[in-house]
$ cat model.txt   # compact mmCIF, N, CA, C and O atoms and all ligand atoms
# COMPACT_ATOMS: atom_id res chain seq x y z
N MET V 125 -5.66 12.29 -25.70
CA MET V 125 -6.14 12.38 -24.33
C MET V 125 -7.15 13.52 -24.21
O MET V 125 -6.95 14.59 -24.77
N LYS V 126 -8.21 13.24 -23.47
CA LYS V 126 -9.22 14.29 -23.28
C LYS V 126 -9.72 14.28 -21.85
O LYS V 126 -9.91 13.22 -21.24
N LEU V 127 -9.96 15.48 -21.33
CA LEU V 127 -10.51 15.63 -19.99
C LEU V 127 -12.00 15.33 -20.03
O LEU V 127 -12.73 15.87 -20.85
N ILE V 128 -12.46 14.42 -19.16
CA ILE V 128 -13.88 14.08 -19.17
C ILE V 128 -14.60 14.50 -17.91
O ILE V 128 -15.82 14.65 -17.90
N TYR V 129 -13.86 14.68 -16.80
CA TYR V 129 -14.56 15.00 -15.56
C TYR V 129 -13.58 15.59 -14.55
O TYR V 129 -12.43 15.19 -14.48
N THR V 130 -14.06 16.53 -13.76
CA THR V 130 -13.25 17.03 -12.66
C THR V 130 -14.16 17.42 -11.51
O THR V 130 -15.31 17.83 -11.71
N ASN V 131 -13.67 17.22 -10.30
CA ASN V 131 -14.46 17.54 -9.11
C ASN V 131 -13.51 17.74 -7.94
O ASN V 131 -12.45 17.12 -7.89
N GLU V 132 -13.88 18.59 -7.01
CA GLU V 132 -13.01 18.81 -5.85
C GLU V 132 -13.06 17.64 -4.88
O GLU V 132 -12.17 17.48 -4.04
N ASN V 133 -14.09 16.81 -4.99
CA ASN V 133 -14.23 15.68 -4.08
C ASN V 133 -13.58 14.44 -4.67
O ASN V 133 -14.05 13.85 -5.64
N ARG V 134 -12.48 14.01 -4.06
CA ARG V 134 -11.71 12.89 -4.58
C ARG V 134 -12.48 11.58 -4.55
O ARG V 134 -12.30 10.71 -5.39
N PHE V 135 -13.36 11.45 -3.57
CA PHE V 135 -14.14 10.22 -3.46
C PHE V 135 -15.08 10.07 -4.66
O PHE V 135 -15.23 8.98 -5.22
N ILE V 136 -15.70 11.17 -5.05
CA ILE V 136 -16.61 11.14 -6.20
C ILE V 136 -15.84 10.84 -7.47
O ILE V 136 -16.24 10.02 -8.30
N VAL V 137 -14.69 11.48 -7.65
CA VAL V 137 -13.89 11.27 -8.85
C VAL V 137 -13.46 9.80 -8.94
O VAL V 137 -13.53 9.19 -10.00
N ASN V 138 -13.06 9.23 -7.82
CA ASN V 138 -12.64 7.83 -7.82
C ASN V 138 -13.79 6.89 -8.13
O ASN V 138 -13.63 5.87 -8.79
N ASN V 139 -14.97 7.23 -7.64
CA ASN V 139 -16.15 6.43 -7.95
C ASN V 139 -16.43 6.42 -9.44
O ASN V 139 -16.69 5.38 -10.03
N ILE V 140 -16.39 7.59 -10.04
CA ILE V 140 -16.66 7.71 -11.48
C ILE V 140 -15.57 7.00 -12.27
O ILE V 140 -15.83 6.31 -13.25
N LYS V 141 -14.34 7.13 -11.81
CA LYS V 141 -13.23 6.43 -12.46
C LYS V 141 -13.48 4.93 -12.49
O LYS V 141 -13.31 4.28 -13.52
N ASN V 142 -13.93 4.37 -11.37
CA ASN V 142 -14.19 2.93 -11.30
C ASN V 142 -15.29 2.51 -12.26
O ASN V 142 -15.19 1.49 -12.93
N ILE V 143 -16.35 3.32 -12.32
CA ILE V 143 -17.48 2.99 -13.20
C ILE V 143 -17.02 2.99 -14.65
O ILE V 143 -17.35 2.09 -15.43
N ILE V 144 -16.22 3.99 -15.03
CA ILE V 144 -15.77 4.08 -16.42
C ILE V 144 -14.77 2.98 -16.74
O ILE V 144 -14.80 2.38 -17.81
N GLN V 145 -13.90 2.68 -15.78
CA GLN V 145 -12.96 1.58 -15.99
C GLN V 145 -13.68 0.25 -16.17
O GLN V 145 -13.30 -0.57 -16.99
N ASN V 146 -14.75 0.06 -15.39
CA ASN V 146 -15.53 -1.17 -15.50
C ASN V 146 -16.18 -1.31 -16.86
O ASN V 146 -16.52 -2.40 -17.30
N ALA V 147 -16.38 -0.18 -17.55
CA ALA V 147 -16.95 -0.21 -18.89
C ALA V 147 -15.88 -0.47 -19.94
O ALA V 147 -16.16 -0.47 -21.13
N GLY V 148 -14.64 -0.67 -19.51
CA GLY V 148 -13.56 -1.03 -20.43
C GLY V 148 -12.86 0.15 -21.06
O GLY V 148 -12.16 0.01 -22.06
N ILE V 149 -13.05 1.33 -20.50
CA ILE V 149 -12.41 2.53 -21.04
C ILE V 149 -11.12 2.82 -20.26
O ILE V 149 -11.11 2.79 -19.03
N GLU V 150 -10.07 3.07 -21.01
CA GLU V 150 -8.78 3.36 -20.41
C GLU V 150 -8.71 4.83 -20.00
O GLU V 150 -8.98 5.72 -20.82
N LEU V 151 -8.38 5.09 -18.72
CA LEU V 151 -8.31 6.49 -18.30
C LEU V 151 -7.29 6.64 -17.19
O LEU V 151 -6.81 5.66 -16.62
N PHE V 152 -6.96 7.87 -16.89
CA PHE V 152 -6.03 8.13 -15.79
C PHE V 152 -6.45 9.38 -15.03
O PHE V 152 -7.24 10.19 -15.53
N ILE V 153 -5.94 9.49 -13.83
CA ILE V 153 -6.25 10.63 -12.97
C ILE V 153 -5.09 11.61 -12.97
O ILE V 153 -3.94 11.22 -12.83
N LYS V 154 -5.41 12.88 -13.13
CA LYS V 154 -4.43 13.95 -13.04
C LYS V 154 -4.60 14.68 -11.72
O LYS V 154 -5.71 14.78 -11.20
N ASN V 155 -3.52 15.17 -11.17
CA ASN V 155 -3.51 15.91 -9.91
C ASN V 155 -3.66 15.01 -8.69
O ASN V 155 -3.94 15.49 -7.60
N GLU V 156 -3.48 13.70 -8.86
CA GLU V 156 -3.72 12.78 -7.76
C GLU V 156 -2.77 13.02 -6.58
O GLU V 156 -3.14 12.85 -5.44
N TYR V 157 -1.55 13.42 -6.87
CA TYR V 157 -0.55 13.54 -5.80
C TYR V 157 -0.18 14.98 -5.49
O TYR V 157 0.86 15.26 -4.93
N ILE V 158 -1.06 15.90 -5.88
CA ILE V 158 -0.69 17.31 -5.78
C ILE V 158 -1.16 17.93 -4.47
O ILE V 158 -0.75 19.02 -4.11
N SER V 159 -2.00 17.22 -3.71
CA SER V 159 -2.66 17.84 -2.56
C SER V 159 -1.68 18.34 -1.51
O SER V 159 -1.96 19.28 -0.79
N GLY V 160 -0.52 17.69 -1.40
CA GLY V 160 0.45 18.12 -0.42
C GLY V 160 0.94 19.54 -0.63
O GLY V 160 1.37 20.21 0.30
N ALA V 161 0.84 20.02 -1.86
CA ALA V 161 1.30 21.35 -2.19
C ALA V 161 0.14 22.34 -2.30
O ALA V 161 0.30 23.43 -2.80
N ALA V 162 -1.02 21.94 -1.80
CA ALA V 162 -2.23 22.73 -2.01
C ALA V 162 -2.10 24.16 -1.50
O ALA V 162 -2.74 25.06 -2.01
N GLY V 163 -1.26 24.38 -0.50
CA GLY V 163 -1.13 25.71 0.06
C GLY V 163 -0.62 26.74 -0.94
O GLY V 163 -0.91 27.92 -0.82
N ASP V 164 0.10 26.27 -1.95
CA ASP V 164 0.68 27.18 -2.93
C ASP V 164 -0.19 27.34 -4.16
O ASP V 164 0.13 28.10 -5.05
N LEU V 165 -1.28 26.60 -4.21
CA LEU V 165 -2.09 26.58 -5.43
C LEU V 165 -3.52 27.01 -5.12
O LEU V 165 -3.98 26.91 -3.99
N SER V 166 -4.20 27.52 -6.12
CA SER V 166 -5.61 27.82 -5.94
C SER V 166 -6.35 26.49 -5.79
O SER V 166 -5.91 25.47 -6.32
N PRO V 167 -7.46 26.48 -5.07
CA PRO V 167 -8.18 25.21 -4.85
C PRO V 167 -8.50 24.49 -6.14
O PRO V 167 -8.45 23.26 -6.21
N PHE V 168 -8.83 25.24 -7.18
CA PHE V 168 -9.23 24.59 -8.43
C PHE V 168 -8.08 23.79 -9.02
O PHE V 168 -8.27 22.77 -9.66
N ASP V 169 -6.83 24.24 -8.81
CA ASP V 169 -5.68 23.54 -9.35
C ASP V 169 -5.48 22.17 -8.73
O ASP V 169 -4.76 21.34 -9.26
N THR V 170 -6.07 21.95 -7.57
CA THR V 170 -5.88 20.68 -6.88
C THR V 170 -7.02 19.71 -7.13
O THR V 170 -7.04 18.63 -6.58
N TRP V 171 -8.01 20.12 -7.90
CA TRP V 171 -9.10 19.19 -8.21
C TRP V 171 -8.56 18.00 -8.99
O TRP V 171 -7.71 18.16 -9.88
N LEU V 172 -9.08 16.82 -8.68
CA LEU V 172 -8.72 15.65 -9.47
C LEU V 172 -9.38 15.75 -10.84
O LEU V 172 -10.51 16.19 -10.95
N GLU V 173 -8.64 15.33 -11.86
CA GLU V 173 -9.18 15.33 -13.22
C GLU V 173 -9.14 13.92 -13.80
O GLU V 173 -8.15 13.22 -13.63
N LEU V 174 -10.20 13.54 -14.46
CA LEU V 174 -10.23 12.25 -15.16
C LEU V 174 -10.02 12.51 -16.65
O LEU V 174 -10.74 13.30 -17.26
N TRP V 175 -9.07 11.80 -17.21
CA TRP V 175 -8.75 11.92 -18.64
C TRP V 175 -8.87 10.55 -19.29
O TRP V 175 -8.38 9.56 -18.73
N VAL V 176 -9.48 10.49 -20.47
CA VAL V 176 -9.46 9.25 -21.24
C VAL V 176 -8.18 9.23 -22.08
O VAL V 176 -7.76 10.26 -22.61
N THR V 177 -7.58 8.05 -22.18
CA THR V 177 -6.34 7.90 -22.95
C THR V 177 -6.62 8.02 -24.44
O THR V 177 -5.87 8.66 -25.17
N GLN V 178 -7.70 7.40 -24.88
CA GLN V 178 -8.06 7.41 -26.30
C GLN V 178 -9.16 8.43 -26.55
O GLN V 178 -10.23 8.35 -25.92
N ASP V 179 -8.92 9.34 -27.47
CA ASP V 179 -9.95 10.33 -27.80
C ASP V 179 -11.24 9.67 -28.26
O ASP V 179 -12.33 10.19 -28.05
N SER V 180 -11.12 8.49 -28.89
CA SER V 180 -12.31 7.82 -29.40
C SER V 180 -13.23 7.33 -28.29
O SER V 180 -14.39 7.02 -28.53
N ASP V 181 -12.70 7.24 -27.08
CA ASP V 181 -13.53 6.81 -25.94
C ASP V 181 -14.28 7.98 -25.30
O ASP V 181 -15.10 7.78 -24.40
N TYR V 182 -13.99 9.18 -25.76
CA TYR V 182 -14.51 10.37 -25.09
C TYR V 182 -16.04 10.38 -25.03
O TYR V 182 -16.64 10.55 -23.97
N ASP V 183 -16.68 10.17 -26.19
CA ASP V 183 -18.14 10.24 -26.24
C ASP V 183 -18.79 9.21 -25.33
O ASP V 183 -19.75 9.49 -24.62
N LYS V 184 -18.22 8.00 -25.34
CA LYS V 184 -18.76 6.92 -24.52
C LYS V 184 -18.64 7.28 -23.03
O LYS V 184 -19.56 7.06 -22.25
N ALA V 185 -17.49 7.83 -22.67
CA ALA V 185 -17.25 8.18 -21.27
C ALA V 185 -18.20 9.28 -20.82
O ALA V 185 -18.76 9.22 -19.72
N ILE V 186 -18.39 10.28 -21.66
CA ILE V 186 -19.29 11.39 -21.31
C ILE V 186 -20.72 10.88 -21.15
O ILE V 186 -21.44 11.26 -20.23
N LYS V 187 -21.11 9.95 -22.03
CA LYS V 187 -22.45 9.38 -21.93
C LYS V 187 -22.62 8.61 -20.62
O LYS V 187 -23.66 8.67 -19.98
N LEU V 188 -21.57 7.87 -20.26
CA LEU V 188 -21.61 7.13 -19.00
C LEU V 188 -21.79 8.07 -17.81
O LEU V 188 -22.61 7.83 -16.93
N ILE V 189 -21.03 9.14 -17.81
CA ILE V 189 -21.10 10.09 -16.69
C ILE V 189 -22.48 10.72 -16.62
O ILE V 189 -23.07 10.84 -15.55
N SER V 190 -23.02 11.10 -17.78
CA SER V 190 -24.34 11.74 -17.75
C SER V 190 -25.41 10.73 -17.35
O SER V 190 -26.38 11.10 -16.70
N SER V 191 -25.22 9.47 -17.71
CA SER V 191 -26.21 8.46 -17.30
C SER V 191 -26.12 8.21 -15.80
O SER V 191 -27.12 7.95 -15.15
N ILE V 192 -24.91 8.30 -15.26
CA ILE V 192 -24.75 8.17 -13.80
C ILE V 192 -25.51 9.30 -13.11
O ILE V 192 -26.30 9.08 -12.20
N ASN V 193 -25.28 10.51 -13.59
CA ASN V 193 -25.94 11.66 -12.99
C ASN V 193 -27.46 11.57 -13.12
O ASN V 193 -28.19 11.91 -12.21
N HIS V 194 -27.89 11.10 -14.27
CA HIS V 194 -29.32 10.99 -14.52
C HIS V 194 -29.96 9.98 -13.57
O HIS V 194 -31.00 10.24 -12.98
N THR V 195 -29.31 8.83 -13.43
CA THR V 195 -29.83 7.80 -12.54
C THR V 195 -29.92 8.31 -11.11
O THR V 195 -30.87 8.03 -10.39
N ASN V 196 -28.91 9.07 -10.74
CA ASN V 196 -28.81 9.49 -9.35
C ASN V 196 -29.93 10.42 -8.90
O ASN V 196 -30.26 10.43 -7.72
N THR V 197 -30.48 11.17 -9.84
CA THR V 197 -31.47 12.15 -9.42
C THR V 197 -32.66 11.50 -8.73
O THR V 197 -33.26 12.11 -7.86
N SER V 198 -32.96 10.25 -9.09
CA SER V 198 -34.13 9.61 -8.48
C SER V 198 -33.74 8.65 -7.36
O SER V 198 -34.61 8.12 -6.68
N HIS V 199 -32.44 8.40 -7.19
CA HIS V 199 -32.04 7.41 -6.19
C HIS V 199 -31.01 7.95 -5.19
O HIS V 199 -30.29 7.18 -4.58
N ASP V 200 -30.96 9.24 -5.08
CA ASP V 200 -30.06 9.81 -4.07
C ASP V 200 -30.46 9.31 -2.69
O ASP V 200 -31.63 9.02 -2.44
N TRP V 201 -29.50 9.22 -1.82
CA TRP V 201 -29.82 8.81 -0.45
C TRP V 201 -29.13 9.74 0.54
O TRP V 201 -28.15 10.39 0.21
N PHE V 202 -29.68 9.77 1.73
CA PHE V 202 -29.15 10.66 2.75
C PHE V 202 -28.49 9.85 3.86
O PHE V 202 -29.05 8.86 4.33
N CYS V 203 -27.31 10.30 4.24
CA CYS V 203 -26.55 9.61 5.28
C CYS V 203 -27.30 9.68 6.61
O CYS V 203 -27.79 10.74 7.00
N THR V 204 -27.37 8.54 7.30
CA THR V 204 -28.06 8.52 8.59
C THR V 204 -27.22 9.16 9.68
O THR V 204 -27.72 9.49 10.74
N GLN V 205 -25.93 9.31 9.40
CA GLN V 205 -25.03 9.85 10.43
C GLN V 205 -24.85 11.37 10.30
O GLN V 205 -25.02 12.09 11.28
N CYS V 206 -24.50 11.86 9.10
CA CYS V 206 -24.22 13.29 8.95
C CYS V 206 -25.27 13.98 8.09
O CYS V 206 -25.19 15.17 7.86
N HIS V 207 -26.25 13.18 7.55
CA HIS V 207 -27.36 13.72 6.77
C HIS V 207 -26.92 14.34 5.45
O HIS V 207 -27.65 15.12 4.85
N GLU V 208 -25.74 13.99 4.99
CA GLU V 208 -25.26 14.46 3.71
C GLU V 208 -25.98 13.70 2.60
O GLU V 208 -26.30 12.53 2.73
N LYS V 209 -26.24 14.40 1.47
CA LYS V 209 -26.86 13.76 0.32
C LYS V 209 -25.79 13.00 -0.48
O LYS V 209 -24.71 13.55 -0.73
N ASN V 210 -26.09 11.79 -0.86
CA ASN V 210 -25.13 10.97 -1.61
C ASN V 210 -25.72 10.45 -2.90
O ASN V 210 -26.92 10.20 -3.00
N ASP V 211 -24.86 10.24 -3.87
CA ASP V 211 -25.27 9.66 -5.14
C ASP V 211 -25.63 8.19 -4.98
O ASP V 211 -25.07 7.49 -4.14
N ALA V 212 -26.55 7.72 -5.82
CA ALA V 212 -27.03 6.35 -5.73
C ALA V 212 -25.93 5.32 -5.91
O ALA V 212 -25.99 4.22 -5.38
N SER V 213 -24.89 5.69 -6.67
CA SER V 213 -23.83 4.72 -6.96
C SER V 213 -22.89 4.52 -5.78
O SER V 213 -22.06 3.63 -5.79
N PHE V 214 -23.02 5.34 -4.76
CA PHE V 214 -22.11 5.25 -3.63
C PHE V 214 -22.62 4.27 -2.59
O PHE V 214 -23.77 4.32 -2.20
N GLU V 215 -21.73 3.42 -2.13
CA GLU V 215 -22.08 2.48 -1.07
C GLU V 215 -21.77 3.05 0.31
O GLU V 215 -22.19 2.52 1.33
N PHE V 216 -20.99 4.12 0.30
CA PHE V 216 -20.63 4.79 1.55
C PHE V 216 -20.84 6.29 1.40
O PHE V 216 -20.73 6.83 0.31
N CYS V 217 -21.14 6.94 2.51
CA CYS V 217 -21.29 8.40 2.50
C CYS V 217 -19.97 9.03 2.09
O CYS V 217 -18.92 8.71 2.65
N TRP V 218 -20.01 9.93 1.11
CA TRP V 218 -18.76 10.52 0.63
C TRP V 218 -18.15 11.43 1.69
O TRP V 218 -16.95 11.70 1.67
N GLN V 219 -18.94 11.91 2.61
CA GLN V 219 -18.42 12.86 3.59
C GLN V 219 -17.84 12.16 4.83
O GLN V 219 -16.74 12.46 5.25
N CYS V 220 -18.60 11.23 5.42
CA CYS V 220 -18.14 10.63 6.68
C CYS V 220 -17.85 9.15 6.53
O CYS V 220 -17.47 8.49 7.50
N LEU V 221 -18.07 8.59 5.32
CA LEU V 221 -17.80 7.17 5.03
C LEU V 221 -18.70 6.21 5.80
O LEU V 221 -18.39 5.03 5.93
N ASN V 222 -19.80 6.72 6.32
CA ASN V 222 -20.79 5.85 6.94
C ASN V 222 -21.41 4.96 5.86
O ASN V 222 -21.64 5.40 4.74
N GLU V 223 -21.70 3.71 6.19
CA GLU V 223 -22.24 2.80 5.20
C GLU V 223 -23.68 3.13 4.84
O GLU V 223 -24.45 3.56 5.71
N LYS V 224 -24.03 2.93 3.58
CA LYS V 224 -25.39 3.21 3.10
C LYS V 224 -26.40 2.30 3.80
O LYS V 224 -26.16 1.09 3.92
N GLN V 225 -27.49 2.86 4.24
CA GLN V 225 -28.54 2.08 4.90
C GLN V 225 -29.72 1.95 3.92
O GLN V 225 -30.16 2.93 3.36
N ASN V 226 -30.20 0.74 3.74
CA ASN V 226 -31.33 0.54 2.83
C ASN V 226 -32.64 0.45 3.56
O ASN V 226 -32.70 0.04 4.68
ZN ZN Q 1 -22.25 10.82 6.28

$ encode --input "model.txt" --output "structure tokens" --more "lines below"
Ligand SMILES: [Zn+2]
Amino acid sequence: MKLIYTNENRFIVNNIKNIIQNAGIELFIKNEYISGAAGDLSPFDTWLELWVTQDSDYDKAIKLISSINHTNTSHDWFCTQCHEKNDASFEFCWQCLNEKQN
């Protein structure tokens, strides 16, 4: 098992999880149910973590994540409701869940 990605934003982590799963890579989320105890932990301890089950999938997963980030730099969009910047892969604003407008 190897850690491939972590972020404080659960919506982003879940998006990346879906993309990697769609590529046929087996992975799981760590810290998914820990938020209820967040008061006792430092914020970083409550970040969601994505782990690949097979170490051999690690390189492929990292490449996928970097390709997502690379693609996004030219296709970011801004929410019409809260003006938050969103990644191109998102169909909804990660902050207010407003639907993407084309
Ligand atoms: Zn928004």

$ residues_near_ligand --input "model.txt" --ligand "ligand ZN 1 (chain Q)" --cutoff "7 Å" --atoms "all atoms listed in the file" --output "ChimeraX atom specification"
/V:202-208,216-222

$ residues_around --input "model.txt" --residues "Ile128 of chain V" --least-positions-apart "4" --cutoff "6 Å" --atoms "only N, CA, C and O atoms" --output "PyMOL selection string"
chain V and resi 174-176+186

$ select_by_dssp --input "model.txt" --residues "chain V" --states "strand (DSSP E or B)" --output "PyMOL selection string"
chain V and resi 126-131+151-154+172-176+201-202+209-210+216+223

$ write_last_selection --input "model.txt" --atoms "N, CA, C and O atoms" --output "JSON list (two decimals), in the frame of the given file"
[["chain", "number", "residue", "atom", "x", "y", "z"],
["V", 126, "LYS", "N", -8.21, 13.24, -23.47],
["V", 126, "LYS", "CA", -9.22, 14.29, -23.28],
["V", 126, "LYS", "C", -9.72, 14.28, -21.85],
["V", 126, "LYS", "O", -9.91, 13.22, -21.24],
["V", 127, "LEU", "N", -9.96, 15.48, -21.33],
["V", 127, "LEU", "CA", -10.51, 15.63, -19.99],
["V", 127, "LEU", "C", -12.00, 15.33, -20.03],
["V", 127, "LEU", "O", -12.73, 15.87, -20.85],
["V", 128, "ILE", "N", -12.46, 14.42, -19.16],
["V", 128, "ILE", "CA", -13.88, 14.08, -19.17],
["V", 128, "ILE", "C", -14.60, 14.50, -17.91],
["V", 128, "ILE", "O", -15.82, 14.65, -17.90],
["V", 129, "TYR", "N", -13.86, 14.68, -16.80],
["V", 129, "TYR", "CA", -14.56, 15.00, -15.56],
["V", 129, "TYR", "C", -13.58, 15.59, -14.55],
["V", 129, "TYR", "O", -12.43, 15.19, -14.48],
["V", 130, "THR", "N", -14.06, 16.53, -13.76],
["V", 130, "THR", "CA", -13.25, 17.03, -12.66],
["V", 130, "THR", "C", -14.16, 17.42, -11.51],
["V", 130, "THR", "O", -15.31, 17.83, -11.71],
["V", 131, "ASN", "N", -13.67, 17.22, -10.30],
["V", 131, "ASN", "CA", -14.46, 17.54, -9.11],
["V", 131, "ASN", "C", -13.51, 17.74, -7.94],
["V", 131, "ASN", "O", -12.45, 17.12, -7.89],
["V", 151, "LEU", "N", -8.38, 5.09, -18.72],
["V", 151, "LEU", "CA", -8.31, 6.49, -18.30],
["V", 151, "LEU", "C", -7.29, 6.64, -17.19],
["V", 151, "LEU", "O", -6.81, 5.66, -16.62],
["V", 152, "PHE", "N", -6.96, 7.87, -16.89],
["V", 152, "PHE", "CA", -6.03, 8.13, -15.79],
["V", 152, "PHE", "C", -6.45, 9.38, -15.03],
["V", 152, "PHE", "O", -7.24, 10.19, -15.53],
["V", 153, "ILE", "N", -5.94, 9.49, -13.83],
["V", 153, "ILE", "CA", -6.25, 10.63, -12.97],
["V", 153, "ILE", "C", -5.09, 11.61, -12.97],
["V", 153, "ILE", "O", -3.94, 11.22, -12.83],
["V", 154, "LYS", "N", -5.41, 12.88, -13.13],
["V", 154, "LYS", "CA", -4.43, 13.95, -13.04],
["V", 154, "LYS", "C", -4.60, 14.68, -11.72],
["V", 154, "LYS", "O", -5.71, 14.78, -11.20],
["V", 172, "LEU", "N", -9.08, 16.82, -8.68],
["V", 172, "LEU", "CA", -8.72, 15.65, -9.47],
["V", 172, "LEU", "C", -9.38, 15.75, -10.84],
["V", 172, "LEU", "O", -10.51, 16.19, -10.95],
["V", 173, "GLU", "N", -8.64, 15.33, -11.86],
["V", 173, "GLU", "CA", -9.18, 15.33, -13.22],
["V", 173, "GLU", "C", -9.14, 13.92, -13.80],
["V", 173, "GLU", "O", -8.15, 13.22, -13.63],
["V", 174, "LEU", "N", -10.20, 13.54, -14.46],
["V", 174, "LEU", "CA", -10.23, 12.25, -15.16],
["V", 174, "LEU", "C", -10.02, 12.51, -16.65],
["V", 174, "LEU", "O", -10.74, 13.30, -17.26],
["V", 175, "TRP", "N", -9.07, 11.80, -17.21],
["V", 175, "TRP", "CA", -8.75, 11.92, -18.64],
["V", 175, "TRP", "C", -8.87, 10.55, -19.29],
["V", 175, "TRP", "O", -8.38, 9.56, -18.73],
["V", 176, "VAL", "N", -9.48, 10.49, -20.47],
["V", 176, "VAL", "CA", -9.46, 9.25, -21.24],
["V", 176, "VAL", "C", -8.18, 9.23, -22.08],
["V", 176, "VAL", "O", -7.76, 10.26, -22.61],
["V", 201, "TRP", "N", -29.50, 9.22, -1.82],
["V", 201, "TRP", "CA", -29.82, 8.81, -0.45],
["V", 201, "TRP", "C", -29.13, 9.74, 0.54],
["V", 201, "TRP", "O", -28.15, 10.39, 0.21],
["V", 202, "PHE", "N", -29.68, 9.77, 1.73],
["V", 202, "PHE", "CA", -29.15, 10.66, 2.75],
["V", 202, "PHE", "C", -28.49, 9.85, 3.86],
["V", 202, "PHE", "O", -29.05, 8.86, 4.33],
["V", 209, "LYS", "N", -26.24, 14.40, 1.47],
["V", 209, "LYS", "CA", -26.86, 13.76, 0.32],
["V", 209, "LYS", "C", -25.79, 13.00, -0.48],
["V", 209, "LYS", "O", -24.71, 13.55, -0.73],
["V", 210, "ASN", "N", -26.09, 11.79, -0.86],
["V", 210, "ASN", "CA", -25.13, 10.97, -1.61],
["V", 210, "ASN", "C", -25.72, 10.45, -2.90],
["V", 210, "ASN", "O", -26.92, 10.20, -3.00],
["V", 216, "PHE", "N", -20.99, 4.12, 0.30],
["V", 216, "PHE", "CA", -20.63, 4.79, 1.55],
["V", 216, "PHE", "C", -20.84, 6.29, 1.40],
["V", 216, "PHE", "O", -20.73, 6.83, 0.31],
["V", 223, "GLU", "N", -21.70, 3.71, 6.19],
["V", 223, "GLU", "CA", -22.24, 2.80, 5.20],
["V", 223, "GLU", "C", -23.68, 3.13, 4.84],
["V", 223, "GLU", "O", -24.45, 3.56, 5.71]]

$ select_by_dssp --input "model.txt" --residues "chain V" --states "alpha helix (DSSP H)" --output "ChimeraX atom specification"
/V:134-146,182-199

$ residues_around --input "model.txt" --residues "Thr130 of chain V" --least-positions-apart "3" --cutoff "7 Å" --atoms "all atoms listed in the file" --output "ChimeraX atom specification"
/V:127,133,137,171-174

$ write_last_selection --input "model.txt" --atoms "N, CA, C and O atoms" --output "compact mmCIF listing (two decimals), in the coordinates of the input"
# COMPACT_ATOMS: atom_id res chain seq x y z
N LEU V 127 -9.96 15.48 -21.33
CA LEU V 127 -10.51 15.63 -19.99
C LEU V 127 -12.00 15.33 -20.03
O LEU V 127 -12.73 15.87 -20.85
N ASN V 133 -14.09 16.81 -4.99
CA ASN V 133 -14.23 15.68 -4.08
C ASN V 133 -13.58 14.44 -4.67
O ASN V 133 -14.05 13.85 -5.64
N VAL V 137 -14.69 11.48 -7.65
CA VAL V 137 -13.89 11.27 -8.85
C VAL V 137 -13.46 9.80 -8.94
O VAL V 137 -13.53 9.19 -10.00
N TRP V 171 -8.01 20.12 -7.90
CA TRP V 171 -9.10 19.19 -8.21
C TRP V 171 -8.56 18.00 -8.99
O TRP V 171 -7.71 18.16 -9.88
N LEU V 172 -9.08 16.82 -8.68
CA LEU V 172 -8.72 15.65 -9.47
C LEU V 172 -9.38 15.75 -10.84
O LEU V 172 -10.51 16.19 -10.95
N GLU V 173 -8.64 15.33 -11.86
CA GLU V 173 -9.18 15.33 -13.22
C GLU V 173 -9.14 13.92 -13.80
O GLU V 173 -8.15 13.22 -13.63
N LEU V 174 -10.20 13.54 -14.46
CA LEU V 174 -10.23 12.25 -15.16
C LEU V 174 -10.02 12.51 -16.65
O LEU V 174 -10.74 13.30 -17.26

$ atom_distance --input "model.txt" --atom1 "atom CA of Asn142 of chain V" --atom2 "atom CA of Tyr182 of chain V"
15.7 Å

$ atom_distance --input "model.txt" --atom1 "atom N of Thr170 of chain V" --atom2 "atom N of Glu156 of chain V"
8.7 Å
